[in-house]
Amino acid sequence: MGLALMAGSAAAGEAWRDPSLSPDERARLLDAALTLEERIGLLHGPMALSLDGKPLPAGALGGAGFIPGVPRLGIPALQETDASLGVTNPANVRPGDTATALPASLALAASFNPRLAYEGGAMIAREAVSKGFNVLLAGGANLARDPRNGRNFEYLGEDPWLAGIMAGESIRGIQSQGMISTVKHFSLNGQETGRFVANAVIDEAAHRESDLLAFQIAIERGRPGAVMCAYNQVNGAYACGNEHLLNGVLKGDWGYPGWVMSDWGAVKATDFALKGLDQQSGEQLDGQVWFGPALKQAVAAGTVPEDRLSDMARRILRSMFAAGLFDAGPARPPVDLAAHGAIARQVADEGIVLLANPKGLLPLAPAVKRIAVIGGHADAGVLSGAGSSQVTGIGGDARSVPVGGEGALAFWGRMVFHASSPLKALRARLPGASVTFDDGRYPAAAAALARASDVVIVFANQWMAEGQDAYDLTLPEGQDALIEAVAAANSNCIVVLQTGGPVLMPWLGRVGAVLSAWYSGQQGGEAIADVLTGAVNPSGRLPITFPAGADQVPRPQLPGWGLLPTQPFDVVYDEGADVGYRRYAAKGLTPLFPFGHGLSYTTFSYGGLTVTGGETLTVRFQVTNTGKRAGQDVPQVYLAGIGGQPLRRLIGFEKLALDPGERRTVTLRADPRLLARFDEAGRRWRIDGGPYRVVVGPSAAEAVLTGTAAVTPRTMAP
């Protein structure tokens, strides 16, 4: 509808159509025009799939979810799709429909590049809009508290500042395209084992300083239209009916103006409406439609006030107005798939982490003529993670390997490889070399090929999926033994890890190099070849700590493992706010590879540090490329002590591209909350007096520069 026509409609009595009014005012006016039935119709909706032989809901495109609109008032339906890695097509509900597949969110986090988060979000949104969707169920901001979590690959690592920045920029990119984004899963969805019954136990201050801070930063930067609450309980109350989290923290302390939607199958009662939930999603997965006729009866009985019902509807309408869903034209924009593929490739290029290169095997020398590529289905494509985020990439799946299983795995039980073969990419990059492939099924055969080669590259896979955690951190299906056999046959062995998180490496001292490629997306094979051959200088940094052993995991026995699916249990987060590298520092543990770690084919030096105090800390220093190649560095600033008490807390980072000999000055100003502690009794952030010590280095475990400054004591709103 054009602006002139809309203004005319407004003049005729439909004032909510006036685009000059604020989203809040338009939502208020439109809500007043709704009947009770229409209002309740906005508060619940089904999965948009053909389940149990039933047809798609009328008007639904087919995807994750659908909320019917109100044609009488021109309210569009909410057409919802997953998510952060690309537009999904669950169960091929839109026959043959494909989309650009981004690398895993953990790879995006490893890029330490907020610009890429924004561009990736905008890219997915353009494709979603072109297909007719207007809500993207994106923005995973849960911290990686357990390296075995099956959905870590969908999230952004273990640090609240990094996760919050990257999630916020992705959301901002999505919403720049006239689409609503969520942020999810609020909060402490830290494992998949028992996710429907697990009770996350944590004290308030620790929660505020860790997972909640990640969400708060993401919401401030991205301004998502909706927050998706989690399946699990938090301190004894289900997250989607948790009055403290939803009414107290989110809508109260943070003043969040959008709506709270449930995760699919996370609603237990109609009174969740009183506790802050605004919309029931995927209602077929719940025990009943709690926000349909049952909610209408509760309003009639006076147990749910009509004002609360209007508040629920207004929040949804407000986000729709803010995103431009009423004002956008009907045309679906064309999509530049080549440009989108280039974005996916850049994310993969910058997200690959060179973990180890002690022999200088990488980049591959031009003199290398005989290369063996072993395992990992590298002949077909690159691995992806499974679950609701699974994207059917452009060109379809290169290979689909059945896994089997029950429950969620019965639905998602197949390893999907995107059509980007590392083997083919290496052959294209190295036309003068003989590149031979062995599938790795027989370690002895792989070792024989390794002995006959100058260099051997082993691809090792850890397939992770929504609904299932890893039992431990070993490489499954005997791959550790395969690497041992190959490395014993040829020490010029390079391991490329395609994993959803950290793994143990008992063979590390016997191989020549290790790359973490994560799940590398639509053009991952080409990106891996880029880094192996030196066409791209690796610049990825670990967003998650790699433990040296199973005993370094906070909870050696995964909570809930082996229990019946309906048996409740507690997950006690006694590490509090010391998630990941913070816990390693607090306990004096030495990991296999620390948070922030990543090598380059060039070298960098840091110097000229100045630290200025006051309301917060301002840190200024210089970075110089001291090597012979252009490269990108990620200098990191950590708070290392308050008043003489040691700690480790990321307060800033920046990604820099530097030519050989080039020097750049970096200035970072810390968010004051990163210097503070949360005062639960006073319900405030509190900065104490005394000296604040910072360190600058290439990882959480390396301090190259050290400085100290005083910060003014004060309190801040929550």
# chains A, B, ... in the order shown; residues from 1 in each chain; ligands from 1
$ residues_around --residues "Asn92 of chain A" --least-positions-apart "6" --cutoff "12 Å" --atoms "only C-alpha atoms" --output "NGL selection string"
:A and (48-50 or 61-64 or 98 or 390-392 or 396)
$ write_last_selection --atoms "N, CA, C and O atoms" --output "compact mmCIF listing (two decimals), in the first residue's frame"
# COMPACT_ATOMS: atom_id res chain seq x y z
N ALA A 48 4.02 -24.84 10.63
CA ALA A 48 3.52 -24.78 9.26
C ALA A 48 4.05 -25.97 8.46
O ALA A 48 4.76 -25.82 7.46
N LEU A 49 3.73 -27.17 8.94
CA LEU A 49 4.15 -28.41 8.30
C LEU A 49 2.94 -29.32 8.14
O LEU A 49 1.94 -29.18 8.85
N SER A 50 3.05 -30.24 7.20
CA SER A 50 2.00 -31.26 7.04
C SER A 50 2.29 -32.39 8.01
O SER A 50 3.12 -33.27 7.74
N LEU A 61 2.96 -20.60 4.18
CA LEU A 61 3.95 -20.90 3.14
C LEU A 61 4.54 -22.29 3.32
O LEU A 61 4.94 -22.92 2.35
N GLY A 62 4.64 -22.72 4.54
CA GLY A 62 5.35 -23.95 4.88
C GLY A 62 6.70 -23.61 5.46
O GLY A 62 7.57 -23.07 4.79
N GLY A 63 6.86 -23.90 6.73
CA GLY A 63 8.09 -23.56 7.43
C GLY A 63 7.94 -23.87 8.90
O GLY A 63 7.22 -24.79 9.28
N ALA A 64 8.62 -23.09 9.73
CA ALA A 64 8.63 -23.38 11.16
C ALA A 64 7.30 -23.07 11.83
O ALA A 64 6.81 -23.83 12.66
N THR A 98 15.65 -24.35 -2.06
CA THR A 98 16.98 -24.33 -1.45
C THR A 98 17.34 -22.91 -1.04
O THR A 98 16.64 -21.95 -1.38
N GLN A 390 18.99 -26.85 10.06
CA GLN A 390 19.54 -27.53 8.87
C GLN A 390 19.04 -26.87 7.59
O GLN A 390 17.85 -26.79 7.33
N VAL A 391 19.98 -26.39 6.78
CA VAL A 391 19.66 -25.72 5.52
C VAL A 391 19.91 -26.68 4.36
O VAL A 391 20.93 -27.38 4.33
N THR A 392 18.98 -26.71 3.43
CA THR A 392 19.21 -27.41 2.17
C THR A 392 19.89 -26.43 1.23
O THR A 392 19.26 -25.49 0.73
N GLY A 396 21.31 -28.50 -3.63
CA GLY A 396 20.92 -29.70 -2.89
C GLY A 396 22.06 -30.27 -2.08
O GLY A 396 23.17 -29.75 -2.05
$ residues_around --residues "Val634 of chain A" --least-positions-apart "6" --cutoff "8 Å" --atoms "only C-alpha atoms" --output "list in words"
Phe112, Ser539, Arg541, Phe653, Glu654, Lys655, Leu656 and Pro698 of chain A
$ residues_around --residues "segment 704-718 of chain A" --least-positions-apart "6" --cutoff "8 Å" --atoms "only C-alpha atoms" --output "mmCIF file with C-alpha atoms, in the first residue's frame"
data_model
loop_
_atom_site.group_PDB
_atom_site.id
_atom_site.type_symbol
_atom_site.label_atom_id
_atom_site.label_comp_id
_atom_site.auth_asym_id
_atom_site.auth_seq_id
_atom_site.Cartn_x
_atom_site.Cartn_y
_atom_site.Cartn_z
ATOM 1 C CA ASP A 253 14.526 -3.984 34.094
ATOM 2 C CA TRP A 254 15.374 -3.858 30.393
ATOM 3 C CA TYR A 606 51.702 -5.068 20.286
ATOM 4 C CA GLY A 607 53.046 -1.939 21.975
ATOM 5 C CA LEU A 609 49.738 0.756 25.692
ATOM 6 C CA THR A 610 47.902 3.498 27.560
ATOM 7 C CA VAL A 611 44.983 2.836 29.903
ATOM 8 C CA THR A 612 42.724 5.684 31.015
ATOM 9 C CA GLY A 613 40.197 5.386 33.812
ATOM 10 C CA GLY A 614 37.192 7.411 34.938
ATOM 11 C CA GLU A 615 33.615 6.339 34.194
ATOM 12 C CA THR A 616 35.069 3.283 32.436
ATOM 13 C CA LEU A 617 38.364 2.082 30.973
ATOM 14 C CA ARG A 683 19.219 -4.757 41.844
ATOM 15 C CA ARG A 684 21.983 -2.685 40.282
ATOM 16 C CA TRP A 685 25.322 -2.994 38.551
ATOM 17 C CA ARG A 686 28.033 -1.827 40.932
ATOM 18 C CA ILE A 687 31.540 -0.652 40.039
ATOM 19 C CA ASP A 688 33.871 -0.727 43.007
ATOM 20 C CA GLY A 689 36.802 1.603 43.506
ATOM 21 C CA GLY A 690 40.456 0.678 43.314
ATOM 22 C CA PRO A 691 42.895 -0.121 40.522
ATOM 23 C CA TYR A 692 41.649 -2.023 37.486
ATOM 24 C CA ARG A 693 44.312 -4.007 35.656
ATOM 25 C CA VAL A 694 44.007 -4.912 31.985
ATOM 26 C CA VAL A 695 46.077 -7.076 29.674
ATOM 27 C CA VAL A 696 46.312 -7.072 25.887
ATOM 28 C CA GLY A 697 47.160 -10.247 24.014
ATOM 29 C CA PRO A 698 46.301 -12.691 21.237
#
$ select_by_dssp --residues "segment 148-180 of chain A" --states "alpha helix (DSSP H)" --output "VMD selection string"
chain A and resid 160 to 175
$ write_last_selection --atoms "all heavy atoms" --output "mmCIF file, in the first residue's frame"
data_model
loop_
_atom_site.group_PDB
_atom_site.id
_atom_site.type_symbol
_atom_site.label_atom_id
_atom_site.label_comp_id
_atom_site.auth_asym_id
_atom_site.auth_seq_id
_atom_site.Cartn_x
_atom_site.Cartn_y
_atom_site.Cartn_z
ATOM 1 N N PRO A 160 30.133 -13.526 27.022
ATOM 2 C CA PRO A 160 28.923 -12.714 26.841
ATOM 3 C C PRO A 160 29.116 -11.503 25.937
ATOM 4 O O PRO A 160 28.190 -11.110 25.218
ATOM 5 C CB PRO A 160 28.541 -12.299 28.267
ATOM 6 C CG PRO A 160 29.774 -12.493 29.085
ATOM 7 C CD PRO A 160 30.525 -13.609 28.448
ATOM 8 N N TRP A 161 30.318 -10.890 25.962
ATOM 9 C CA TRP A 161 30.541 -9.720 25.117
ATOM 10 C C TRP A 161 30.605 -10.136 23.649
ATOM 11 O O TRP A 161 29.930 -9.557 22.794
ATOM 12 C CB TRP A 161 31.815 -9.006 25.537
ATOM 13 C CG TRP A 161 32.148 -7.773 24.748
ATOM 14 C CD1 TRP A 161 33.229 -7.561 23.962
ATOM 15 C CD2 TRP A 161 31.385 -6.557 24.692
ATOM 16 N NE1 TRP A 161 33.195 -6.308 23.394
ATOM 17 C CE2 TRP A 161 32.071 -5.673 23.836
ATOM 18 C CE3 TRP A 161 30.185 -6.136 25.264
ATOM 19 C CZ2 TRP A 161 31.602 -4.385 23.546
ATOM 20 C CZ3 TRP A 161 29.711 -4.853 24.971
ATOM 21 C CH2 TRP A 161 30.421 -4.002 24.128
ATOM 22 N N LEU A 162 31.378 -11.163 23.339
ATOM 23 C CA LEU A 162 31.472 -11.633 21.962
ATOM 24 C C LEU A 162 30.121 -12.126 21.468
ATOM 25 O O LEU A 162 29.672 -11.748 20.377
ATOM 26 C CB LEU A 162 32.513 -12.753 21.855
ATOM 27 C CG LEU A 162 32.643 -13.418 20.481
ATOM 28 C CD1 LEU A 162 33.132 -12.421 19.444
ATOM 29 C CD2 LEU A 162 33.564 -14.635 20.551
ATOM 30 N N ALA A 163 29.450 -12.975 22.242
ATOM 31 C CA ALA A 163 28.159 -13.517 21.812
ATOM 32 C C ALA A 163 27.124 -12.412 21.652
ATOM 33 O O ALA A 163 26.352 -12.405 20.687
ATOM 34 C CB ALA A 163 27.677 -14.574 22.810
ATOM 35 N N GLY A 164 27.089 -11.480 22.587
ATOM 36 C CA GLY A 164 26.113 -10.394 22.513
ATOM 37 C C GLY A 164 26.338 -9.500 21.313
ATOM 38 O O GLY A 164 25.393 -9.116 20.612
ATOM 39 N N ILE A 165 27.597 -9.143 21.041
ATOM 40 C CA ILE A 165 27.911 -8.291 19.892
ATOM 41 C C ILE A 165 27.543 -8.995 18.588
ATOM 42 O O ILE A 165 26.879 -8.422 17.706
ATOM 43 C CB ILE A 165 29.414 -7.947 19.893
ATOM 44 C CG1 ILE A 165 29.768 -7.030 21.069
ATOM 45 C CG2 ILE A 165 29.819 -7.296 18.568
ATOM 46 C CD1 ILE A 165 29.207 -5.652 20.977
ATOM 47 N N MET A 166 27.975 -10.249 18.446
ATOM 48 C CA MET A 166 27.743 -10.949 17.183
ATOM 49 C C MET A 166 26.260 -11.242 16.966
ATOM 50 O O MET A 166 25.741 -11.091 15.847
ATOM 51 C CB MET A 166 28.563 -12.235 17.142
ATOM 52 C CG MET A 166 30.070 -12.017 17.241
ATOM 53 S SD MET A 166 30.776 -11.044 15.899
ATOM 54 C CE MET A 166 30.992 -12.303 14.651
ATOM 55 N N ALA A 167 25.552 -11.647 18.013
ATOM 56 C CA ALA A 167 24.112 -11.878 17.874
ATOM 57 C C ALA A 167 23.386 -10.575 17.563
ATOM 58 O O ALA A 167 22.494 -10.537 16.704
ATOM 59 C CB ALA A 167 23.550 -12.511 19.147
ATOM 60 N N GLY A 168 23.762 -9.505 18.246
ATOM 61 C CA GLY A 168 23.127 -8.210 18.014
ATOM 62 C C GLY A 168 23.314 -7.721 16.594
ATOM 63 O O GLY A 168 22.379 -7.201 15.961
ATOM 64 N N GLU A 169 24.529 -7.882 16.052
ATOM 65 C CA GLU A 169 24.781 -7.436 14.683
ATOM 66 C C GLU A 169 24.048 -8.300 13.668
ATOM 67 O O GLU A 169 23.554 -7.800 12.653
ATOM 68 C CB GLU A 169 26.285 -7.439 14.410
ATOM 69 C CG GLU A 169 27.034 -6.317 15.115
ATOM 70 C CD GLU A 169 26.485 -4.948 14.753
ATOM 71 O OE1 GLU A 169 26.554 -4.574 13.561
ATOM 72 O OE2 GLU A 169 25.959 -4.263 15.652
ATOM 73 N N SER A 170 23.963 -9.601 13.918
ATOM 74 C CA SER A 170 23.202 -10.470 13.026
ATOM 75 C C SER A 170 21.729 -10.073 13.017
ATOM 76 O O SER A 170 21.104 -9.972 11.947
ATOM 77 C CB SER A 170 23.362 -11.925 13.467
ATOM 78 O OG SER A 170 22.579 -12.781 12.672
ATOM 79 N N ILE A 171 21.168 -9.836 14.187
ATOM 80 C CA ILE A 171 19.772 -9.402 14.289
ATOM 81 C C ILE A 171 19.572 -8.073 13.574
ATOM 82 O O ILE A 171 18.592 -7.876 12.843
ATOM 83 C CB ILE A 171 19.362 -9.301 15.770
ATOM 84 C CG1 ILE A 171 19.328 -10.691 16.412
ATOM 85 C CG2 ILE A 171 18.015 -8.601 15.918
ATOM 86 C CD1 ILE A 171 19.310 -10.659 17.929
ATOM 87 N N ARG A 172 20.495 -7.150 13.780
ATOM 88 C CA ARG A 172 20.400 -5.837 13.138
ATOM 89 C C ARG A 172 20.421 -5.981 11.618
ATOM 90 O O ARG A 172 19.676 -5.300 10.901
ATOM 91 C CB ARG A 172 21.549 -4.949 13.619
ATOM 92 C CG ARG A 172 21.333 -3.465 13.390
ATOM 93 C CD ARG A 172 22.357 -2.638 14.148
ATOM 94 N NE ARG A 172 23.713 -2.837 13.634
ATOM 95 C CZ ARG A 172 24.231 -2.173 12.596
ATOM 96 N NH1 ARG A 172 23.500 -1.269 11.970
ATOM 97 N NH2 ARG A 172 25.466 -2.389 12.206
ATOM 98 N N GLY A 173 21.273 -6.879 11.109
ATOM 99 C CA GLY A 173 21.297 -7.124 9.677
ATOM 100 C C GLY A 173 19.996 -7.710 9.171
ATOM 101 O O GLY A 173 19.489 -7.312 8.110
ATOM 102 N N ILE A 174 19.440 -8.656 9.907
ATOM 103 C CA ILE A 174 18.159 -9.259 9.516
ATOM 104 C C ILE A 174 17.079 -8.196 9.431
ATOM 105 O O ILE A 174 16.339 -8.097 8.437
ATOM 106 C CB ILE A 174 17.764 -10.354 10.525
ATOM 107 C CG1 ILE A 174 18.690 -11.571 10.399
ATOM 108 C CG2 ILE A 174 16.300 -10.773 10.330
ATOM 109 C CD1 ILE A 174 18.588 -12.545 11.555
ATOM 110 N N GLN A 175 16.972 -7.380 10.447
ATOM 111 C CA GLN A 175 15.876 -6.412 10.514
ATOM 112 C C GLN A 175 16.086 -5.222 9.588
ATOM 113 O O GLN A 175 15.147 -4.460 9.343
ATOM 114 C CB GLN A 175 15.629 -6.009 11.961
ATOM 115 C CG GLN A 175 15.229 -7.208 12.813
ATOM 116 C CD GLN A 175 14.516 -6.872 14.108
ATOM 117 O OE1 GLN A 175 13.762 -7.680 14.619
ATOM 118 N NE2 GLN A 175 14.748 -5.692 14.651
#
$ closest_atom_pairs --of "segment 487-559 of chain A" --to "segment 136-152 of chain A" --cutoff "8 Å" --atoms "only C-alpha atoms" --output "tab-separated table"
residue	atom	partner	partner_atom	distance
A:Gly500	CA	A:Asn152	CA	6.4
A:Gly501	CA	A:Pro147	CA	6.2
A:Pro502	CA	A:Pro147	CA	6.1
A:Ile544	CA	A:Ala144	CA	7.3
A:Val553	CA	A:Asp146	CA	7.1
A:Pro554	CA	A:Asp146	CA	7.4
A:Arg555	CA	A:Asp146	CA	8.0
$ write_last_selection --atoms "all heavy atoms" --output "PDB file, in the first residue's frame"
ATOM      1  N   GLY A 500      31.264 -29.515  15.829  1.00  0.00           N
ATOM      2  CA  GLY A 500      30.320 -28.559  16.388  1.00  0.00           C
ATOM      3  C   GLY A 500      30.804 -27.936  17.673  1.00  0.00           C
ATOM      4  O   GLY A 500      30.038 -27.277  18.372  1.00  0.00           O
ATOM      5  N   GLY A 501      32.081 -28.114  17.985  1.00  0.00           N
ATOM      6  CA  GLY A 501      32.660 -27.570  19.206  1.00  0.00           C
ATOM      7  C   GLY A 501      34.014 -28.192  19.456  1.00  0.00           C
ATOM      8  O   GLY A 501      34.621 -28.791  18.561  1.00  0.00           O
ATOM      9  N   PRO A 502      34.508 -28.095  20.684  1.00  0.00           N
ATOM     10  CA  PRO A 502      35.829 -28.636  21.002  1.00  0.00           C
ATOM     11  C   PRO A 502      35.854 -30.154  20.978  1.00  0.00           C
ATOM     12  O   PRO A 502      34.846 -30.817  21.238  1.00  0.00           O
ATOM     13  CB  PRO A 502      36.083 -28.120  22.429  1.00  0.00           C
ATOM     14  CG  PRO A 502      35.118 -27.011  22.636  1.00  0.00           C
ATOM     15  CD  PRO A 502      33.925 -27.344  21.804  1.00  0.00           C
ATOM     16  N   ILE A 544      35.566 -20.484  21.849  1.00  0.00           N
ATOM     17  CA  ILE A 544      35.268 -21.468  22.880  1.00  0.00           C
ATOM     18  C   ILE A 544      36.571 -22.185  23.223  1.00  0.00           C
ATOM     19  O   ILE A 544      37.391 -22.452  22.345  1.00  0.00           O
ATOM     20  CB  ILE A 544      34.181 -22.453  22.383  1.00  0.00           C
ATOM     21  CG1 ILE A 544      33.729 -23.409  23.476  1.00  0.00           C
ATOM     22  CG2 ILE A 544      34.629 -23.202  21.141  1.00  0.00           C
ATOM     23  CD1 ILE A 544      32.488 -24.213  23.093  1.00  0.00           C
ATOM     24  N   VAL A 553      36.153 -30.314  32.118  1.00  0.00           N
ATOM     25  CA  VAL A 553      34.769 -29.920  31.859  1.00  0.00           C
ATOM     26  C   VAL A 553      34.083 -29.643  33.198  1.00  0.00           C
ATOM     27  O   VAL A 553      34.282 -30.400  34.164  1.00  0.00           O
ATOM     28  CB  VAL A 553      34.043 -31.029  31.071  1.00  0.00           C
ATOM     29  CG1 VAL A 553      32.574 -30.697  30.886  1.00  0.00           C
ATOM     30  CG2 VAL A 553      34.716 -31.236  29.725  1.00  0.00           C
ATOM     31  N   PRO A 554      33.276 -28.573  33.317  1.00  0.00           N
ATOM     32  CA  PRO A 554      32.686 -28.234  34.621  1.00  0.00           C
ATOM     33  C   PRO A 554      31.907 -29.369  35.273  1.00  0.00           C
ATOM     34  O   PRO A 554      31.964 -29.551  36.482  1.00  0.00           O
ATOM     35  CB  PRO A 554      31.762 -27.058  34.290  1.00  0.00           C
ATOM     36  CG  PRO A 554      32.331 -26.450  33.060  1.00  0.00           C
ATOM     37  CD  PRO A 554      32.932 -27.580  32.286  1.00  0.00           C
ATOM     38  N   ARG A 555      31.164 -30.135  34.488  1.00  0.00           N
ATOM     39  CA  ARG A 555      30.391 -31.257  35.015  1.00  0.00           C
ATOM     40  C   ARG A 555      30.818 -32.513  34.247  1.00  0.00           C
ATOM     41  O   ARG A 555      30.286 -32.774  33.158  1.00  0.00           O
ATOM     42  CB  ARG A 555      28.887 -30.994  34.840  1.00  0.00           C
ATOM     43  CG  ARG A 555      28.318 -29.992  35.844  1.00  0.00           C
ATOM     44  CD  ARG A 555      27.067 -29.308  35.355  1.00  0.00           C
ATOM     45  NE  ARG A 555      27.365 -28.390  34.262  1.00  0.00           N
ATOM     46  CZ  ARG A 555      27.898 -27.180  34.429  1.00  0.00           C
ATOM     47  NH1 ARG A 555      28.185 -26.743  35.645  1.00  0.00           N
ATOM     48  NH2 ARG A 555      28.167 -26.398  33.393  1.00  0.00           N
TER      49      ARG A 555
END
$ closest_residue --among "A:Val353, A:Leu364, A:Val234, A:Ala200" --to "Ala107 of chain A" --atoms "only C-alpha atoms"
A:Val353
$ closest_residue --among "A:Pro68, A:Gly509, A:Gly121, A:Gly190" --to "Val571 of chain A" --atoms "only C-alpha atoms"
A:Gly190
$ atom_distance --atom1 "atom CA of Val511 of chain A" --atom2 "atom CA of Pro635 of chain A"
27.6 Å
$ residues_around --residues "segment 36-42 of chain A" --least-positions-apart "2" --cutoff "12 Å" --atoms "only C-alpha atoms" --output "ChimeraX atom specification"
/A:30-34,44-46,66-73,75-78,259,261,273,278-281,289-300,306-317,320
$ residues_around --residues "Ser434 of chain A" --least-positions-apart "3" --cutoff "7 Å" --atoms "only C-alpha atoms" --output "count of residues only"
3
$ closest_atom_pairs --of "segment 510-570 of chain A" --to "segment 409-429 of chain A" --cutoff "9 Å" --atoms "only C-alpha atoms" --output "CSV"
residue,atom,partner,partner_atom,distance
A:Ser520,CA,A:His418,CA,8.9
A:Gly521,CA,A:His418,CA,6.6
A:Gln522,CA,A:His418,CA,6.1
A:Gln523,CA,A:Ser420,CA,5.5
A:Gly524,CA,A:Ser420,CA,6.1
A:Gly525,CA,A:Pro422,CA,3.9
A:Glu526,CA,A:Ala425,CA,5.3
A:Ala527,CA,A:Pro422,CA,8.4
A:Ile528,CA,A:Pro422,CA,6.6
A:Ala529,CA,A:Leu426,CA,5.4
A:Asp530,CA,A:Arg429,CA,8.1
A:Leu532,CA,A:Leu426,CA,8.5
A:Thr533,CA,A:Arg429,CA,7.4
A:Ala535,CA,A:Arg429,CA,9.0
$ write_last_selection --atoms "C-alpha atoms" --output "PDB file, in the first residue's frame"
ATOM      1  CA  SER A 520      31.848 -24.351   6.966  1.00  0.00           C
ATOM      2  CA  GLY A 521      28.693 -23.891   4.910  1.00  0.00           C
ATOM      3  CA  GLN A 522      27.836 -23.370   1.267  1.00  0.00           C
ATOM      4  CA  GLN A 523      31.410 -22.782   0.077  1.00  0.00           C
ATOM      5  CA  GLY A 524      33.293 -24.439   2.908  1.00  0.00           C
ATOM      6  CA  GLY A 525      35.343 -26.755   0.718  1.00  0.00           C
ATOM      7  CA  GLU A 526      36.727 -23.802  -1.197  1.00  0.00           C
ATOM      8  CA  ALA A 527      37.401 -21.906   2.032  1.00  0.00           C
ATOM      9  CA  ILE A 528      39.308 -24.853   3.523  1.00  0.00           C
ATOM     10  CA  ALA A 529      41.395 -25.059   0.340  1.00  0.00           C
ATOM     11  CA  ASP A 530      41.940 -21.277   0.543  1.00  0.00           C
ATOM     12  CA  LEU A 532      45.467 -24.810   3.320  1.00  0.00           C
ATOM     13  CA  THR A 533      47.106 -23.375   0.207  1.00  0.00           C
ATOM     14  CA  ALA A 535      45.291 -18.103  -0.777  1.00  0.00           C
TER      15      ALA A 535
END
$ closest_residue --among "A:Leu497, A:Val579, A:Ala452, A:Ala322" --to "Gly157 of chain A" --atoms "only C-alpha atoms"
A:Val579
$ select_by_dssp --residues "segment 89-308 of chain A" --states "strand (DSSP E or B)" --output "PyMOL selection string"
chain A and resi 99+135-136+140+180-186+198-201+226-229+233-234+237-238+259-261+279-280
$ write_last_selection --atoms "C-alpha atoms" --output "PDB file, in the first residue's frame"
ATOM      1  CA  ALA A  99      18.872 -21.478   0.171  1.00  0.00           C
ATOM      2  CA  VAL A 135       9.861 -13.613  10.805  1.00  0.00           C
ATOM      3  CA  LEU A 136      13.283 -15.231  11.108  1.00  0.00           C
ATOM      4  CA  GLY A 140      20.974 -17.671  19.200  1.00  0.00           C
ATOM      5  CA  ILE A 180      11.396  -9.448  12.300  1.00  0.00           C
ATOM      6  CA  SER A 181      14.158 -11.394  14.038  1.00  0.00           C
ATOM      7  CA  THR A 182      13.999 -13.199  17.327  1.00  0.00           C
ATOM      8  CA  VAL A 183      16.728 -13.633  19.903  1.00  0.00           C
ATOM      9  CA  LYS A 184      16.762 -17.069  21.562  1.00  0.00           C
ATOM     10  CA  HIS A 185      16.618 -19.266  23.689  1.00  0.00           C
ATOM     11  CA  PHE A 186      15.960 -17.190  26.801  1.00  0.00           C
ATOM     12  CA  ALA A 198      16.067 -29.803  33.006  1.00  0.00           C
ATOM     13  CA  ASN A 199      16.153 -27.152  35.724  1.00  0.00           C
ATOM     14  CA  ALA A 200      19.031 -24.696  35.360  1.00  0.00           C
ATOM     15  CA  VAL A 201      20.131 -23.608  38.846  1.00  0.00           C
ATOM     16  CA  ALA A 226      10.629 -10.991  19.511  1.00  0.00           C
ATOM     17  CA  VAL A 227      12.351 -13.001  22.218  1.00  0.00           C
ATOM     18  CA  MET A 228      11.965 -16.783  22.122  1.00  0.00           C
ATOM     19  CA  CYS A 229      11.939 -18.370  25.548  1.00  0.00           C
ATOM     20  CA  GLN A 233      13.352 -24.454  33.707  1.00  0.00           C
ATOM     21  CA  VAL A 234      15.370 -21.694  35.367  1.00  0.00           C
ATOM     22  CA  ALA A 237      10.135 -22.226  36.825  1.00  0.00           C
ATOM     23  CA  TYR A 238       9.810 -23.014  33.131  1.00  0.00           C
ATOM     24  CA  TRP A 259       6.852  -9.797  22.336  1.00  0.00           C
ATOM     25  CA  VAL A 260       7.862 -13.103  23.890  1.00  0.00           C
ATOM     26  CA  MET A 261       7.085 -16.178  21.802  1.00  0.00           C
ATOM     27  CA  GLN A 279       2.411 -16.005  22.113  1.00  0.00           C
ATOM     28  CA  GLN A 280       2.199 -19.799  21.896  1.00  0.00           C
TER      29      GLN A 280
END
$ closest_residue --among "A:Ala447, A:Glu204, A:Phe321, A:Gly540" --to "Asp18 of chain A" --atoms "only C-alpha atoms"
A:Phe321
$ residues_around --residues "Ala465 of chain A" --least-positions-apart "5" --cutoff "6 Å" --atoms "only C-alpha atoms" --output "PyMOL selection string"
chain A and resi 150+385-387
$ decode --residues "segment 27-31 of chain A" --atoms "N, CA and C atoms" --output "PDB file, in the first residue's frame"
ATOM      1  N   ALA A  27       0.267   0.545  17.143  1.00  0.00           N
ATOM      2  CA  ALA A  27      -0.167  -0.719  17.747  1.00  0.00           C
ATOM      3  C   ALA A  27      -1.321  -0.496  18.707  1.00  0.00           C
ATOM      4  N   ARG A  28      -1.264   0.581  19.477  1.00  0.00           N
ATOM      5  CA  ARG A  28      -2.356   0.876  20.423  1.00  0.00           C
ATOM      6  C   ARG A  28      -3.662   1.106  19.682  1.00  0.00           C
ATOM      7  N   LEU A  29      -3.606   1.879  18.606  1.00  0.00           N
ATOM      8  CA  LEU A  29      -4.811   2.183  17.846  1.00  0.00           C
ATOM      9  C   LEU A  29      -5.361   0.937  17.160  1.00  0.00           C
ATOM     10  N   LEU A  30      -4.475   0.111  16.613  1.00  0.00           N
ATOM     11  CA  LEU A  30      -4.940  -1.080  15.917  1.00  0.00           C
ATOM     12  C   LEU A  30      -5.494  -2.109  16.890  1.00  0.00           C
ATOM     13  N   ASP A  31      -4.863  -2.251  18.036  1.00  0.00           N
ATOM     14  CA  ASP A  31      -5.377  -3.194  19.033  1.00  0.00           C
ATOM     15  C   ASP A  31      -6.799  -2.819  19.449  1.00  0.00           C
TER      16      ASP A  31
END
